[in-house]
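> Shown below is the structure under consideration.
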Amino acid sequence: LYLNAMLDSSNSETFPAISELCEIAAHRKRPLVFWIGAGTSRWAGLPSWADFTANLHKEFVRKEPSYDRATASGALEKQDFPSVFGLCQRSSRQRYNKFMLEALTSGTPTAIYKRFIDAITRIEPASLITTNTDELLEQRIAAHVVMSSDFEIVPQFLAEKKSFIAKLHGSVSQIDSLTFTDAEYANLLSEKSLINALTRVFEISTVVFIGYGLRDDYVLKQLNTASDLAQLFGTGPHFACRSTTGVSLPPSVRTIKYIAEPHRDHRTVIQVIEELGPALEGHGTSVFCSW
C-alpha cells in the first residue's frame with residue numbers, strides 16, 4: 001500500500017506497467033535485465049552527473065590556464081556535459097585522470113545503497129548493465145564483469161543464466177576505458193558489434209531501467225542517433241522507472257512513474273525491485289503485484 005501511494009497515479013501507464021512487470025517475473029518467460037543508472041550511485045554519496053561536471057569545470061577554471069572556460073561554460077549551461085569533459089581532457093589529461101580517479105572512488109555506501117544491493121541480489125541470476133563507472137556494484141555482487149569491448153558475450157551469459165555486470169562506460173580502475181567525453185561517446189557508439197549485442201539483449205530479455213537520469217537520457221539520445229531506437233528496443237516489453245519523463249521512449253518501453261517525495265533520493269525505485277522478489281522466488285506475487 002505504501003508503494004501504491006508513492007507511485008504517480010496521474011500517469012495512466014504506471015499501474016498497468018508494474019502489474020505487467022510482476023507477471024513477467026512470476027512466469028519467468030524472459031530474463032530480467034536491470035539497466036543501472038547514475039541515480040543508484042548517489043545512494044553511495046557520489047555526485048549526480050550535473051554536479052560531477054560542475055565540480056570538474058571549477059577544478060579546471062582554477063588550475064588550467066589553457067582551459068577554454070568560455071566554451072565550457074556555454075556547454076555546461078546547455079547541459080552538454082560530454083563536451084565539458086572533452087574540453088577538460090584535452091586541456092590536461094593528467095589533471096583530468098587524477099580528478100576522475102579521486103571523484104569516482106570517493107563514495108561511502110549508505111543504508112539505502114545496501115538496501116538496493118540486497119534487493120538486486122535476491123534476483124538470480126544478477127543480470128546488470130550499467131552506465132556507472134565506479135566499482136560499487138562489482139565490489140558487492142558476485143558476477144562476471146564485462147567491459148564494453150567484450151559486450152558481445154552478454155547475450156550468451158543471458159542464455160546460460162550466468163550473473164554479469166556489463167560496464168557500458170568502462171570502469172575507474174581502467175581509466176582509459178571511461179566514456180565521458182563527446183569523442184568517447186562517438187567512438188563507443190560507432191562499435192557495430194556493441195549495438196548488435198545491445199539489440200539482441202532487448203530482443204531476448206525484459207530490461208528494467210533503475211536510477212534513470214540525465215546521463216541515461218543522453219545515452220538513449222545517442223543510441224537513437226547511432227541506431228533507430230524503436231528497432232533497438234524491439235517489441236519488449238521493457239520498463240523505465242523514473243520520476244520525470246525526459247527523452248521520448250519507444251512504445252515497447254513502459255513507464256513506471258513514481259513521486260520523488262518525501263524522499264528526494266529516489267529510493268522508491270528500490271521498492272519496485274523488492275516487489276519482484278516474491279514472484280521470482282516462487283512464493284507467488286505480492287499484494288501490490290496482484291493489483
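In the C-alpha cells, each chain is lettered A, B, ... as it comes, each chain's residues begin at 1, and ligands are numbered from 1 in order of appearance.
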Which segment 115-205 of chain A residues have any atom within 12 Å of an atom of segment 45-54 of chain A, and for each, what is the nearest pair of atoms with distance in Å to one decimal, counting only C-alpha atoms, rows sorted by chain and number, as JSON lines?

```
{"residue": "A:Thr131", "atom": "CA", "partner": "A:Trp49", "partner_atom": "CA", "distance": 11.2}
{"residue": "A:Asn132", "atom": "CA", "partner": "A:Trp49", "partner_atom": "CA", "distance": 10.3}
{"residue": "A:Thr133", "atom": "CA", "partner": "A:Leu46", "partner_atom": "CA", "distance": 11.0}
{"residue": "A:Asp134", "atom": "CA", "partner": "A:Leu46", "partner_atom": "CA", "distance": 9.0}
{"residue": "A:Glu135", "atom": "CA", "partner": "A:Leu46", "partner_atom": "CA", "distance": 11.6}
{"residue": "A:Leu136", "atom": "CA", "partner": "A:Leu46", "partner_atom": "CA", "distance": 10.5}
{"residue": "A:Phe180", "atom": "CA", "partner": "A:Thr53", "partner_atom": "CA", "distance": 9.9}
{"residue": "A:Thr181", "atom": "CA", "partner": "A:Thr53", "partner_atom": "CA", "distance": 10.8}
```
> Please produce a file of those selected residues containing C-alpha atoms, as a short mmCIF file (atom, residue, chain, number, x, y, z; two decimals), in the first residue's frame.

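Okay, this is what ended up in part-v5.cif:
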```cif
data_model
loop_
_atom_site.label_atom_id
_atom_site.label_comp_id
_atom_site.auth_asym_id
_atom_site.auth_seq_id
_atom_site.Cartn_x
_atom_site.Cartn_y
_atom_site.Cartn_z
CA THR A 131 26.44 3.26 -17.25
CA ASN A 132 28.17 3.79 -13.89
CA THR A 133 31.96 3.76 -13.89
CA ASP A 134 32.50 3.38 -10.15
CA GLU A 135 33.04 -0.16 -8.86
CA LEU A 136 30.38 -0.26 -6.16
CA PHE A 180 32.55 10.62 -20.52
CA THR A 181 33.75 12.91 -23.32
#
```
> Could you name the residues that touch Thr121 of chain A at 10 Å or less, counting only C-alpha atoms, but leaving out those on the same chain fewer than 3 positions away, as a ChimeraX atom specification?
/A:115-118,124-127,140-142,277
> I'd like to know which of A:Leu249, A:Ile120, A:Met100, A:Ala70 is closest to Glu275 of chain A, using only C-alpha atoms.
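The answer is A:Ile120, which sits nearest to Glu275 of chain A.
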> Out of A:Phe202, A:Lys257, A:Ala38, A:Phe81, which residue has the shortest atom-to-atom distance to Ala230 of chain A when counting only C-alpha atoms?
A:Phe202
> For a test of reading the model, state the distance in Å between atom CA of Phe34 of chain A and atom CA of Pro82 of chain A, rounded to one decimal.
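Between these atoms lies a distance of 24.2 Å.
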> DSSP on the backbone, then: every residue of segment 15-139 of chain A marked helix (DSSP H, G or I), written as a ChimeraX atom specification.
/A:15-27,38-44,49-63,69-77,81-91,93-104,111-121
> If you run DSSP on this backbone, which residues of segment 64-219 of chain A come out as strand (DSSP E or B), and could you give them as a list in words?
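After running DSSP on the backbone, segment 64-219 of chain A has strand (DSSP E or B) at Ser127, Leu128, Ile129, Thr130, His144, Val145, Val146, Met147, Phe164, Ile165, Ala166, Lys167, Ser171, Gln174, Thr206, Val207, Val208, Phe209 and Ile210 of chain A.
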> At what distance in Å, to one decimal, does atom CA of Val145 of chain A lie from atom CA of Gly170 of chain A?
10.4 Å
> Excluding segment 208-214 of chain A and any residue of its chain fewer than 3 positions from it, enumerate the residues within 7 Å of it, using only C-alpha atoms, and give them as a PyMOL selection string.
chain A and resi 33-40+217-218+238-242+269
> For each of A:Arg254, A:Arg122, A:Lys167, A:Arg215, take the minimum atom-to-atom distance to Val154 of chain A, counting only C-alpha atoms, then give the residue where this is smallest.
A:Lys167
> Of the candidates A:Ile270, A:Ala44, A:Ile256, A:Cys88, which one gets nearest to Arg62 of chain A if we count only C-alpha atoms?
A:Cys88
